[in-house]
$ cat model-v7.csv   # CSV, C-alpha atoms and all ligand atoms
chain,number,residue,atom,x,y,z
A,28,MET,CA,-33.6,16.8,11.9
A,29,ASN,CA,-30.9,14.6,13.1
A,30,ASP,CA,-32.9,13.0,15.9
A,31,THR,CA,-31.2,11.7,19.0
A,32,LYS,CA,-32.2,8.2,18.4
A,33,LEU,CA,-30.2,8.1,15.2
A,34,THR,CA,-27.2,9.7,16.9
A,35,ASP,CA,-27.3,7.2,19.8
A,36,SER,CA,-27.5,4.2,17.6
A,37,ALA,CA,-24.8,5.6,15.3
A,38,SER,CA,-22.4,6.2,18.1
A,39,SER,CA,-22.9,2.9,19.7
A,40,LYS,CA,-22.1,1.3,16.4
A,41,LEU,CA,-19.1,3.5,16.2
A,42,ALA,CA,-17.6,2.4,19.5
A,43,PRO,CA,-13.8,2.7,19.1
A,44,LYS,CA,-13.1,-1.0,18.5
A,45,PRO,CA,-10.1,-1.1,16.2
A,46,LEU,CA,-11.0,-1.8,12.7
A,47,VAL,CA,-8.4,-1.7,9.9
A,48,PHE,CA,-8.8,-0.5,6.3
A,49,SER,CA,-6.1,-0.1,3.7
A,50,GLY,CA,-6.0,0.0,0.0
A,51,MET,CA,-3.5,-0.4,-2.8
A,52,ARG,CA,-3.7,0.6,-6.4
A,53,PRO,CA,-3.4,-2.4,-8.8
A,54,THR,CA,0.0,-1.9,-10.3
A,55,GLY,CA,0.6,-5.6,-11.0
A,56,ARG,CA,3.2,-7.7,-9.3
A,57,LEU,CA,4.5,-6.7,-5.9
A,58,HIS,CA,8.1,-5.9,-5.3
A,59,LEU,CA,10.1,-5.9,-2.0
A,60,GLY,CA,9.4,-2.2,-1.6
A,61,ASN,CA,5.6,-2.9,-1.5
A,62,TYR,CA,6.2,-5.9,0.7
A,63,PHE,CA,8.2,-4.3,3.4
A,64,GLY,CA,6.3,-1.0,3.1
A,65,ALA,CA,2.8,-2.4,3.4
A,66,LEU,CA,2.1,-6.1,2.9
A,67,LYS,CA,4.2,-7.5,5.7
A,68,ASN,CA,2.5,-5.1,8.0
A,69,TRP,CA,-1.0,-6.1,6.7
A,70,VAL,CA,-0.2,-9.8,7.2
A,71,GLY,CA,0.5,-9.1,10.9
A,72,LEU,CA,-2.6,-6.9,11.4
A,73,GLN,CA,-5.0,-9.6,10.1
A,74,GLU,CA,-4.0,-11.7,13.1
A,75,LYS,CA,-5.1,-9.0,15.6
A,76,TYR,CA,-7.9,-6.9,14.1
A,77,PRO,CA,-10.8,-7.1,11.8
A,78,CYS,CA,-9.3,-5.9,8.5
A,79,TYR,CA,-10.5,-4.8,5.1
A,80,PHE,CA,-7.9,-4.8,2.3
A,81,CYS,CA,-9.1,-3.2,-0.9
A,82,VAL,CA,-7.8,-3.2,-4.5
A,83,VAL,CA,-8.6,0.4,-5.3
A,84,ASP,CA,-9.1,0.1,-9.0
A,85,TRP,CA,-11.0,3.4,-9.3
A,86,HIS,CA,-8.1,5.2,-7.7
A,87,MET,CA,-5.9,3.7,-10.4
A,88,LEU,CA,-8.2,5.2,-13.0
A,89,THR,CA,-7.6,8.7,-11.6
A,90,THR,CA,-4.2,8.7,-13.3
A,91,GLY,CA,-4.5,5.7,-15.6
A,92,TYR,CA,-7.7,6.3,-17.5
A,93,GLU,CA,-6.2,6.5,-20.9
A,94,ASN,CA,-5.3,2.9,-21.1
A,95,THR,CA,-7.0,0.2,-19.1
A,96,SER,CA,-6.0,-2.8,-21.1
A,97,SER,CA,-3.9,-4.4,-18.4
A,98,LEU,CA,-6.1,-3.4,-15.5
A,99,LYS,CA,-7.7,-6.9,-15.1
A,100,ASP,CA,-4.4,-8.7,-15.3
A,101,ASN,CA,-2.8,-6.3,-12.9
A,102,ILE,CA,-5.6,-6.8,-10.3
A,103,ARG,CA,-5.3,-10.6,-10.6
A,104,GLU,CA,-1.5,-10.5,-10.3
A,105,MET,CA,-1.6,-8.2,-7.4
A,106,VAL,CA,-4.1,-10.3,-5.4
A,107,LEU,CA,-2.1,-13.4,-6.1
A,108,ASP,CA,0.9,-11.7,-4.7
A,109,TRP,CA,-1.1,-10.5,-1.7
A,110,LEU,CA,-1.9,-14.2,-1.0
A,111,ALA,CA,1.7,-15.2,-1.7
A,112,ALA,CA,2.8,-12.6,0.9
A,113,GLY,CA,0.5,-14.3,3.4
A,114,LEU,CA,-2.8,-12.5,3.4
A,115,ASP,CA,-5.5,-15.0,4.2
A,116,PRO,CA,-9.0,-14.5,3.0
A,117,GLU,CA,-10.2,-16.5,6.0
A,118,LYS,CA,-8.7,-13.9,8.3
A,119,CYS,CA,-9.4,-10.6,6.5
A,120,VAL,CA,-11.7,-9.2,3.8
A,121,ILE,CA,-10.0,-8.9,0.4
A,122,PHE,CA,-12.1,-7.1,-2.2
A,123,LYS,CA,-12.1,-4.8,-5.1
A,124,GLN,CA,-13.4,-1.2,-4.8
A,125,SER,CA,-15.4,-1.2,-8.0
A,126,ASP,CA,-17.4,-4.2,-6.8
A,127,VAL,CA,-18.9,-2.1,-4.0
A,128,SER,CA,-20.7,0.8,-5.6
A,129,GLU,CA,-21.3,2.4,-2.2
A,130,HIS,CA,-17.7,3.8,-2.5
A,131,ALA,CA,-18.9,6.0,-5.4
A,132,GLU,CA,-22.1,7.0,-3.6
A,133,LEU,CA,-20.3,8.0,-0.4
A,134,ALA,CA,-17.6,9.9,-2.4
A,135,LEU,CA,-20.3,11.9,-4.1
A,136,LEU,CA,-22.0,12.8,-0.9
A,137,LEU,CA,-18.7,13.7,0.9
A,138,GLY,CA,-17.9,15.9,-2.2
A,139,MET,CA,-20.9,18.1,-1.4
A,140,THR,CA,-19.3,19.3,1.9
A,141,THR,CA,-15.6,19.3,0.9
A,142,PRO,CA,-14.3,22.7,-0.1
A,143,LEU,CA,-12.5,22.8,-3.4
A,144,SER,CA,-9.6,24.7,-1.9
A,145,TRP,CA,-8.8,21.7,0.4
A,146,LEU,CA,-8.2,19.6,-2.7
A,147,GLU,CA,-6.4,22.3,-4.7
A,148,ASN,CA,-4.0,22.8,-1.8
A,149,ASN,CA,-3.4,19.1,-1.3
A,150,PRO,CA,0.4,18.8,-1.5
A,151,THR,CA,0.3,15.3,-3.0
A,152,TRP,CA,-2.0,16.5,-5.8
A,153,LYS,CA,0.3,19.4,-6.6
A,154,GLU,CA,3.4,17.3,-6.6
A,155,GLN,CA,1.9,14.5,-8.7
A,156,LEU,CA,0.5,17.0,-11.2
A,157,GLN,CA,4.0,18.3,-11.7
A,158,GLU,CA,5.6,14.9,-11.9
A,159,LEU,CA,3.1,13.0,-13.9
A,160,SER,CA,2.1,15.7,-16.4
A,161,LYS,CA,5.3,15.1,-18.3
A,162,THR,CA,4.2,11.6,-19.3
A,163,LYS,CA,0.4,11.6,-19.0
A,164,GLU,CA,-2.6,12.9,-20.8
A,165,GLU,CA,-4.6,15.7,-19.2
A,166,LEU,CA,-4.3,15.3,-15.4
A,167,ARG,CA,-6.4,18.3,-14.4
A,168,THR,CA,-9.4,16.1,-14.1
A,169,PHE,CA,-12.3,16.1,-11.7
A,170,GLY,CA,-11.5,12.5,-10.7
A,171,PHE,CA,-7.9,13.1,-9.9
A,172,LEU,CA,-8.6,16.2,-7.9
A,173,GLY,CA,-11.1,14.2,-6.0
A,174,TYR,CA,-8.7,11.4,-5.2
A,175,PRO,CA,-8.7,12.1,-1.4
A,176,VAL,CA,-12.5,12.3,-1.3
A,177,LEU,CA,-12.7,8.8,-2.7
A,178,GLN,CA,-10.1,7.6,-0.3
A,179,ALA,CA,-12.0,9.1,2.6
A,180,ALA,CA,-15.1,7.3,1.4
A,181,ASP,CA,-13.1,4.0,1.3
A,182,ILE,CA,-12.2,4.3,4.9
A,183,LEU,CA,-15.5,5.8,6.3
A,184,LEU,CA,-17.7,3.2,4.7
A,185,TYR,CA,-16.3,0.6,7.1
A,186,ASN,CA,-16.0,2.9,10.1
A,187,ALA,CA,-12.3,2.0,10.0
A,188,ASN,CA,-10.3,3.9,12.6
A,189,LYS,CA,-6.9,2.4,11.9
A,190,VAL,CA,-5.4,3.0,8.5
A,191,PRO,CA,-2.0,1.4,7.9
A,192,VAL,CA,-0.2,3.6,5.4
A,193,GLY,CA,3.3,4.9,4.6
A,194,GLN,CA,4.6,8.3,5.5
A,195,ASP,CA,3.7,9.6,2.0
A,196,GLN,CA,0.0,9.1,2.6
A,197,LEU,CA,-0.2,11.2,5.8
A,198,PRO,CA,-1.6,14.2,4.0
A,199,HIS,CA,-4.4,12.1,2.6
A,200,ILE,CA,-5.3,10.7,6.0
A,201,GLU,CA,-5.3,14.2,7.5
A,202,LEU,CA,-7.6,15.3,4.7
A,203,SER,CA,-9.9,12.4,5.5
A,204,ARG,CA,-10.1,13.6,9.1
A,205,GLU,CA,-10.9,17.1,8.0
A,206,ILE,CA,-13.6,15.8,5.6
A,207,VAL,CA,-15.1,13.9,8.5
A,208,ARG,CA,-15.1,16.9,10.8
A,209,ARG,CA,-16.8,19.2,8.3
A,210,PHE,CA,-19.3,16.5,7.3
A,211,ASN,CA,-20.1,15.9,11.0
A,212,SER,CA,-20.6,19.6,11.6
A,213,PHE,CA,-23.7,19.4,9.3
A,214,PHE,CA,-24.7,15.8,10.1
A,215,PRO,CA,-23.5,15.2,13.7
A,216,ASP,CA,-21.8,12.0,14.8
A,217,THR,CA,-22.1,10.3,11.4
A,218,PHE,CA,-18.4,9.3,11.2
A,219,VAL,CA,-15.4,8.7,13.4
A,220,GLU,CA,-12.1,10.3,12.5
A,221,PRO,CA,-9.7,7.7,11.1
A,222,GLU,CA,-6.1,7.5,12.3
A,223,ALA,CA,-3.0,6.6,10.3
A,224,LEU,CA,-1.3,3.5,11.6
A,225,LEU,CA,2.4,4.2,11.0
A,226,THR,CA,4.6,1.2,11.4
A,227,TRP,CA,8.3,1.3,11.1
A,228,SER,CA,9.5,-0.3,7.9
A,229,PRO,CA,12.9,-0.6,6.4
A,230,LYS,CA,13.9,1.5,3.3
A,231,VAL,CA,14.3,-0.9,0.5
A,232,PRO,CA,16.9,0.0,-2.1
A,233,GLY,CA,16.5,-0.9,-5.7
A,234,THR,CA,19.0,-2.9,-7.7
A,235,ASP,CA,20.6,0.4,-8.9
A,236,GLY,CA,21.0,1.9,-5.4
A,237,ARG,CA,18.0,4.3,-5.8
A,238,LYS,CA,14.7,3.8,-3.9
A,239,MET,CA,13.0,0.7,-5.2
A,240,SER,CA,10.2,1.7,-7.6
A,241,LYS,CA,8.5,0.3,-10.6
A,242,SER,CA,9.0,3.5,-12.5
A,243,TYR,CA,12.8,3.2,-12.1
A,244,GLY,CA,12.8,-0.3,-13.4
A,245,ASN,CA,15.0,-1.4,-10.4
A,246,THR,CA,12.7,-3.7,-8.6
A,247,ILE,CA,13.1,-7.2,-7.1
A,248,GLN,CA,9.6,-8.8,-7.3
A,249,ILE,CA,8.5,-11.1,-4.5
A,250,LEU,CA,7.8,-13.7,-7.2
A,251,GLU,CA,11.3,-13.9,-8.8
A,252,THR,CA,12.3,-17.3,-9.9
A,253,GLU,CA,15.4,-18.8,-8.3
A,254,ASP,CA,17.3,-17.9,-11.4
A,255,SER,CA,16.1,-14.3,-11.8
A,256,LEU,CA,16.6,-13.7,-8.1
A,257,LYS,CA,20.2,-14.9,-8.4
A,258,GLU,CA,20.8,-12.7,-11.4
A,259,LYS,CA,19.3,-9.6,-9.7
A,260,ILE,CA,21.5,-10.2,-6.6
A,261,ARG,CA,24.5,-10.8,-8.7
A,262,SER,CA,24.0,-7.5,-10.5
A,263,LEU,CA,23.1,-5.4,-7.4
A,264,TYR,CA,24.6,-2.0,-7.1
A,265,THR,CA,27.6,-2.2,-4.7
A,266,ASP,CA,30.1,0.4,-3.6
A,267,PRO,CA,31.6,1.5,-6.9
A,268,THR,CA,34.8,2.8,-5.2
A,269,ARG,CA,35.8,-0.8,-4.4
A,270,ILE,CA,37.9,-2.1,-7.3
A,271,LYS,CA,39.7,-4.9,-5.5
A,272,SER,CA,38.2,-6.9,-2.7
A,273,THR,CA,40.9,-5.6,-0.4
A,274,ASP,CA,39.7,-2.0,-0.9
A,275,PRO,CA,37.9,-0.6,2.1
A,276,GLY,CA,34.1,-0.5,1.3
A,277,HIS,CA,31.2,1.7,2.4
A,278,PRO,CA,28.5,-0.6,3.9
A,279,GLU,CA,25.8,2.0,4.3
A,280,PRO,CA,22.4,2.6,2.7
A,281,CYS,CA,23.3,4.4,-0.6
A,282,ALA,CA,20.7,7.1,-0.3
A,283,GLU,CA,21.8,8.3,3.1
A,284,ASN,CA,25.5,7.9,2.7
A,285,PRO,CA,26.8,7.7,-0.9
A,286,PRO,CA,28.4,5.7,-2.4
A,287,GLY,CA,26.8,3.0,-0.1
A,288,CYS,CA,25.7,-0.4,-1.1
A,289,SER,CA,22.3,-2.0,-1.9
A,290,ALA,CA,23.5,-5.4,-0.9
A,291,PHE,CA,24.4,-4.1,2.5
A,292,SER,CA,20.9,-2.6,2.9
A,293,LEU,CA,19.4,-5.9,2.1
A,294,HIS,CA,21.7,-7.8,4.6
A,295,ASN,CA,20.3,-5.3,7.1
A,296,ILE,CA,16.8,-6.5,6.3
A,297,TYR,CA,17.5,-10.2,6.0
A,298,ALA,CA,20.4,-11.1,8.3
A,299,GLY,CA,20.7,-11.1,12.0
A,300,GLU,CA,22.2,-8.2,14.0
A,301,ASP,CA,25.5,-9.9,14.7
A,302,PHE,CA,26.1,-10.9,11.1
A,303,VAL,CA,25.4,-7.3,10.0
A,304,LYS,CA,27.9,-5.9,12.5
A,305,GLN,CA,30.6,-8.3,11.5
A,306,ARG,CA,30.0,-7.8,7.8
A,307,LYS,CA,30.1,-4.0,8.2
A,308,SER,CA,33.6,-4.2,9.8
A,309,ASP,CA,34.9,-6.8,7.4
A,310,CYS,CA,33.7,-4.7,4.4
A,311,ARG,CA,35.3,-1.6,5.8
A,312,ALA,CA,38.5,-3.4,6.4
A,313,GLY,CA,38.6,-4.9,2.9
A,314,LYS,CA,38.4,-8.4,4.3
A,315,ILE,CA,35.5,-9.7,2.2
A,316,GLY,CA,34.8,-9.5,-1.5
A,317,CYS,CA,31.5,-8.3,-3.0
A,318,VAL,CA,30.9,-11.6,-4.8
A,319,ALA,CA,31.2,-13.6,-1.6
A,320,CYS,CA,29.1,-11.1,0.2
A,321,LYS,CA,26.3,-11.3,-2.3
A,322,LYS,CA,26.4,-15.1,-2.2
A,323,ASP,CA,25.6,-14.8,1.6
A,324,LEU,CA,22.8,-12.4,0.8
A,325,LEU,CA,21.3,-14.8,-1.7
A,326,ALA,CA,21.4,-17.6,0.9
A,327,GLU,CA,19.5,-15.3,3.4
A,328,MET,CA,16.8,-14.4,0.9
A,329,ALA,CA,16.3,-17.9,-0.5
A,330,GLY,CA,14.0,-19.1,2.3
A,331,PRO,CA,11.6,-16.2,2.3
A,332,PHE,CA,11.4,-16.2,-1.5
A,333,ALA,CA,10.8,-20.0,-1.6
A,334,GLN,CA,7.9,-19.4,0.7
A,335,PHE,CA,6.4,-16.7,-1.5
A,336,ARG,CA,6.7,-19.1,-4.5
A,337,GLU,CA,5.2,-22.0,-2.7
A,338,ARG,CA,2.2,-20.1,-1.5
A,339,ARG,CA,1.6,-18.6,-4.9
A,340,ASN,CA,1.9,-22.1,-6.6
A,341,GLN,CA,-0.6,-23.5,-4.1
A,342,ILE,CA,-3.1,-20.8,-5.1
A,343,SER,CA,-2.5,-20.9,-8.8
A,344,LEU,CA,-3.5,-24.6,-8.8
A,345,ASN,CA,-7.1,-23.3,-8.8
A,346,PRO,CA,-7.5,-20.8,-11.5
A,347,GLU,CA,-10.9,-19.7,-10.2
A,348,SER,CA,-9.5,-18.8,-6.7
A,349,VAL,CA,-8.8,-15.1,-7.2
A,350,SER,CA,-12.2,-14.3,-8.6
A,351,ASP,CA,-13.9,-16.4,-5.9
A,352,ILE,CA,-11.9,-14.6,-3.2
A,353,LEU,CA,-12.8,-11.1,-4.6
A,354,LYS,CA,-16.4,-12.1,-5.0
A,355,SER,CA,-16.9,-13.3,-1.4
A,356,GLY,CA,-14.9,-10.4,-0.1
A,357,ALA,CA,-17.1,-8.0,-2.0
A,358,LYS,CA,-20.2,-9.6,-0.5
A,359,LYS,CA,-18.9,-9.0,3.0
A,360,ALA,CA,-17.8,-5.5,2.2
A,361,LYS,CA,-21.1,-4.7,0.6
A,362,THR,CA,-23.0,-5.7,3.8
A,363,ALA,CA,-21.0,-3.4,5.9
A,364,ALA,CA,-21.0,-0.6,3.4
A,365,SER,CA,-24.7,-0.7,2.8
A,366,GLU,CA,-25.3,-0.3,6.5
A,367,THR,CA,-23.2,2.8,6.6
A,368,MET,CA,-24.9,4.2,3.6
A,369,ALA,CA,-28.4,3.6,5.2
A,370,ARG,CA,-27.1,5.6,8.1
A,371,VAL,CA,-25.7,8.4,5.9
A,372,ARG,CA,-28.9,8.7,3.9
A,373,ARG,CA,-30.9,9.0,7.0
A,374,ALA,CA,-28.5,11.6,8.5
A,375,MET,CA,-28.8,13.7,5.4
A,376,ASN,CA,-32.6,13.4,5.2
A,377,LEU,CA,-32.4,11.6,1.9
A,378,VAL,CA,-34.8,9.0,3.2
B,1,LIG,N1,-3.9,6.4,-1.9
B,1,LIG,C1,-3.4,5.1,-1.4
B,1,LIG,C2,-2.0,4.9,-2.0
B,1,LIG,O1,-1.7,5.4,-3.0
B,1,LIG,C3,-4.3,4.0,-1.7
B,1,LIG,C4,-5.6,4.1,-1.0
B,1,LIG,C5,-6.8,4.3,-1.6
B,1,LIG,C6,-5.8,3.9,0.3
B,1,LIG,N2,-7.8,4.3,-0.7
B,1,LIG,C7,-7.2,4.0,0.6
B,1,LIG,C8,-5.0,3.7,1.4
B,1,LIG,C9,-7.8,4.0,1.8
B,1,LIG,C10,-5.5,3.6,2.7
B,1,LIG,C11,-6.9,3.7,2.9
B,1,LIG,O2,-1.2,4.2,-1.4
B,2,LIG,FE1,28.5,-4.2,-0.2
B,2,LIG,FE2,29.2,-6.6,0.7
B,2,LIG,FE3,30.7,-5.4,-1.2
B,2,LIG,FE4,30.7,-4.4,1.2
B,2,LIG,S1,31.4,-6.4,0.6
B,2,LIG,S2,30.5,-3.2,-0.7
B,2,LIG,S3,28.6,-4.8,1.9
B,2,LIG,S4,28.5,-6.2,-1.3
$ encode --input "model-v7.csv" --output "structure tokens"
Amino acid sequence: MNDTKLTDSASSKLAPKPLVFSGMRPTGRLHLGNYFGALKNWVGLQEKYPCYFCVVDWHMLTTGYENTSSLKDNIREMVLDWLAAGLDPEKCVIFKQSDVSEHAELALLLGMTTPLSWLENNPTWKEQLQELSKTKEELRTFGFLGYPVLQAADILLYNANKVPVGQDQLPHIELSREIVRRFNSFFPDTFVEPEALLTWSPKVPGTDGRKMSKSYGNTIQILETEDSLKEKIRSLYTDPTRIKSTDPGHPEPCAENPPGCSAFSLHNIYAGEDFVKQRKSDCRAGKIGCVACKKDLLAEMAGPFAQFRERRNQISLNPESVSDILKSGAKKAKTAASETMARVRRAMNLV
């Protein structure tokens, strides 16, 4: 009973104009890994496309349901850091998933057509189950298994066709596409298949030379104070085979080429090409000491970090601002989401 009129109006609405959606779990303050891996890219996209950026607090609950006491603070801190990184609520829609209940409704309906085996075979689920079950309560929950269905609902509610994500999220985007295809096979032309928008981003080393990650306790936050940034740069992991400053060093990313040097990876991100080339050869030749080299790094990072701090201070002057931004974002998101839900209900003969 999917009459053609509905199909026509649906597809005209779904003309392939680029529309961006992405989400982030509210883990609290942003670090440089989050910034270079996602936020910097989002800030660029808001200039070019209509964008929705969502605090996915329900996704957080899929693994963090046993203690939600810091959830509200973490959401607030993360949104403040989004703004400090340069997201502008005048240019994009910033909102919280749980403020738009349509996300739950659509996830429920997509769940009707999504085979359990797809979720059970999801590599991300299997890995995380292994990794997190050491520290977490019961993780074999309905909610956690359904993580990709909720993620598909996030994207599809806004007819978003561009989804900026990191490499690690590709299986989830592929699942979203499969979920769409199967749903559309019963209810034709309801959704467009979203695409991952992969942008190159530098690998950010943590202060200990491993990948930067909150769980390793090796992060540099974007809101470090001048002093704490200085201290973190001072204590950065550098090539441990260099005892004297005249010893030849290994200015390489540590993960790819041990022993490597975190400071060098950061120069690679913050300094110009010529400087990096010169520093590489000076380090290899034992012509520069690590203390001096890190001083240069701190000087390169000072400007960008001052800008983060300045933006965040501006925003913190008005304590209401985060809740206001989320409220007005939710209103805009809700308008778009409820249009989609009306279409879905019609397509499924629920109305
Ligand atoms: N799963 C994503 C992550 O962990 C977060 C996310 C939830 C998301 N919903 C989304 C990302 C929709 C892109 C689109 O990073
Ligand atoms: Fe790293 Fe610089 Fe020391 Fe070389 S001189 S090991 S690049 S900190």
$ residues_around --input "model-v7.csv" --residues "segment 154-170 of chain A" --least-positions-apart "4" --cutoff "9 Å" --atoms "all atoms listed in the file" --output "list in words"
His86, Leu88, Thr89, Thr90, Gly91, Tyr92, Glu93, Asn149, Pro150, Tyr174 and Leu177 of chain A
$ residues_near_ligand --input "model-v7.csv" --ligand "ligand LIG 2 (chain B)" --cutoff "6 Å" --atoms "all atoms listed in the file" --output "list of chain:residue names"
A:Thr265, A:Asp266, A:Gly276, A:His277, A:Pro278, A:Cys288, A:Ala290, A:Phe291, A:Cys310, A:Ile315, A:Gly316, A:Cys317, A:Cys320, A:Lys321
$ closest_residue --input "model-v7.csv" --among "A:Lys271, A:Val371, A:Leu353, A:Pro285" --to "Ile102 of chain A" --atoms "only C-alpha atoms"
A:Leu353
$ residues_around --input "model-v7.csv" --residues "Thr54 of chain A" --least-positions-apart "6" --cutoff "10 Å" --atoms "all atoms listed in the file" --output "PyMOL selection string"
chain A and resi 82+84+87+97-98+100-102+104-105+241
$ atom_distance --input "model-v7.csv" --atom1 "atom CA of Arg237 of chain A" --atom2 "atom CA of Cys281 of chain A"
7.4 Å
$ closest_atom_pairs --input "model-v7.csv" --of "chain A" --to "ligand LIG 1 (chain B)" --cutoff "7 Å" --atoms "all atoms listed in the file" --output "JSON lines"
{"residue": "A:Phe48", "atom": "CA", "partner": "B:LIG1", "partner_atom": "C11", "distance": 5.7}
{"residue": "A:Ser49", "atom": "CA", "partner": "B:LIG1", "partner_atom": "C10", "distance": 3.9}
{"residue": "A:Gly50", "atom": "CA", "partner": "B:LIG1", "partner_atom": "C6", "distance": 3.9}
{"residue": "A:Met51", "atom": "CA", "partner": "B:LIG1", "partner_atom": "C3", "distance": 4.6}
{"residue": "A:Arg52", "atom": "CA", "partner": "B:LIG1", "partner_atom": "C3", "distance": 5.8}
{"residue": "A:Val83", "atom": "CA", "partner": "B:LIG1", "partner_atom": "C5", "distance": 5.7}
{"residue": "A:His86", "atom": "CA", "partner": "B:LIG1", "partner_atom": "C5", "distance": 6.3}
{"residue": "A:Leu177", "atom": "CA", "partner": "B:LIG1", "partner_atom": "N2", "distance": 6.9}
{"residue": "A:Gln178", "atom": "CA", "partner": "B:LIG1", "partner_atom": "N2", "distance": 4.0}
{"residue": "A:Ala179", "atom": "CA", "partner": "B:LIG1", "partner_atom": "C9", "distance": 6.7}
{"residue": "A:Asp181", "atom": "CA", "partner": "B:LIG1", "partner_atom": "C9", "distance": 5.3}
{"residue": "A:Ile182", "atom": "CA", "partner": "B:LIG1", "partner_atom": "C9", "distance": 5.4}
{"residue": "A:Val190", "atom": "CA", "partner": "B:LIG1", "partner_atom": "C10", "distance": 5.8}
{"residue": "A:Pro191", "atom": "CA", "partner": "B:LIG1", "partner_atom": "C10", "distance": 6.6}
{"residue": "A:Val192", "atom": "CA", "partner": "B:LIG1", "partner_atom": "C10", "distance": 5.9}
{"residue": "A:Gln196", "atom": "CA", "partner": "B:LIG1", "partner_atom": "O2", "distance": 6.4}
$ closest_residue --input "model-v7.csv" --among "A:Leu183, A:Ala65, A:Leu110, A:Ile296" --to "Arg370 of chain A" --atoms "all atoms listed in the file"
A:Leu183
$ closest_residue --input "model-v7.csv" --among "A:Leu146, A:Met375, A:Val176, A:Leu184" --to "Thr362 of chain A" --atoms "all atoms listed in the file"
A:Leu184
$ closest_residue --input "model-v7.csv" --among "A:Ala282, A:Leu202, A:Pro267, A:Leu114" --to "Gly236 of chain A" --atoms "all atoms listed in the file"
A:Ala282
$ atom_distance --input "model-v7.csv" --atom1 "atom CA of Ala111 of chain A" --atom2 "atom CA of Gln334 of chain A"
7.9 Å
$ residues_around --input "model-v7.csv" --residues "Glu337 of chain A" --least-positions-apart "3" --cutoff "12 Å" --atoms "all atoms listed in the file" --output "PyMOL selection string"
chain A and resi 107-108+110-113+249-252+330-334+340-344
$ write_last_selection --input "model-v7.csv" --atoms "C-alpha atoms" --output "PDB file, in the frame of the given file"
ATOM      1  CA  LEU A 107      -2.100 -13.400  -6.100  1.00  0.00           C
ATOM      2  CA  ASP A 108       0.900 -11.700  -4.700  1.00  0.00           C
ATOM      3  CA  LEU A 110      -1.900 -14.200  -1.000  1.00  0.00           C
ATOM      4  CA  ALA A 111       1.700 -15.200  -1.700  1.00  0.00           C
ATOM      5  CA  ALA A 112       2.800 -12.600   0.900  1.00  0.00           C
ATOM      6  CA  GLY A 113       0.500 -14.300   3.400  1.00  0.00           C
ATOM      7  CA  ILE A 249       8.500 -11.100  -4.500  1.00  0.00           C
ATOM      8  CA  LEU A 250       7.800 -13.700  -7.200  1.00  0.00           C
ATOM      9  CA  GLU A 251      11.300 -13.900  -8.800  1.00  0.00           C
ATOM     10  CA  THR A 252      12.300 -17.300  -9.900  1.00  0.00           C
ATOM     11  CA  GLY A 330      14.000 -19.100   2.300  1.00  0.00           C
ATOM     12  CA  PRO A 331      11.600 -16.200   2.300  1.00  0.00           C
ATOM     13  CA  PHE A 332      11.400 -16.200  -1.500  1.00  0.00           C
ATOM     14  CA  ALA A 333      10.800 -20.000  -1.600  1.00  0.00           C
ATOM     15  CA  GLN A 334       7.900 -19.400   0.700  1.00  0.00           C
ATOM     16  CA  ASN A 340       1.900 -22.100  -6.600  1.00  0.00           C
ATOM     17  CA  GLN A 341      -0.600 -23.500  -4.100  1.00  0.00           C
ATOM     18  CA  ILE A 342      -3.100 -20.800  -5.100  1.00  0.00           C
ATOM     19  CA  SER A 343      -2.500 -20.900  -8.800  1.00  0.00           C
ATOM     20  CA  LEU A 344      -3.500 -24.600  -8.800  1.00  0.00           C
TER      21      LEU A 344
END
$ residues_near_point --input "model-v7.csv" --point "(-22.1, 5.7, -1.2)" --cutoff "12 Å" --atoms "only C-alpha atoms" --output "ChimeraX atom specification"
/A:124-125,127-138,176-177,179-185,361,363-372
$ atom_distance --input "model-v7.csv" --atom1 "atom CA of Thr246 of chain A" --atom2 "atom CA of Tyr264 of chain A"
12.1 Å
$ closest_residue --input "model-v7.csv" --among "A:Asp274, A:Asp216, A:Arg339, A:Ala326" --to "Ala374 of chain A" --atoms "only C-alpha atoms"
A:Asp216
$ closest_residue --input "model-v7.csv" --among "A:Ser262, A:Thr234, A:Asn376, A:Ser272" --to "His58 of chain A" --atoms "only C-alpha atoms"
A:Thr234
$ residues_around --input "model-v7.csv" --residues "Ser212 of chain A" --least-positions-apart "5" --cutoff "12 Å" --atoms "only C-alpha atoms" --output "compact mmCIF listing (two decimals) with C-alpha atoms, in the frame of the given file"
# COMPACT_ATOMS: atom_id res chain seq x y z
CA ASN A 29 -30.90 14.60 13.10
CA THR A 140 -19.30 19.30 1.90
CA THR A 141 -15.60 19.30 0.90
CA GLU A 205 -10.90 17.10 8.00
CA ILE A 206 -13.60 15.80 5.60
CA VAL A 207 -15.10 13.90 8.50
CA THR A 217 -22.10 10.30 11.40
CA PHE A 218 -18.40 9.30 11.20
CA ALA A 374 -28.50 11.60 8.50
CA MET A 375 -28.80 13.70 5.40
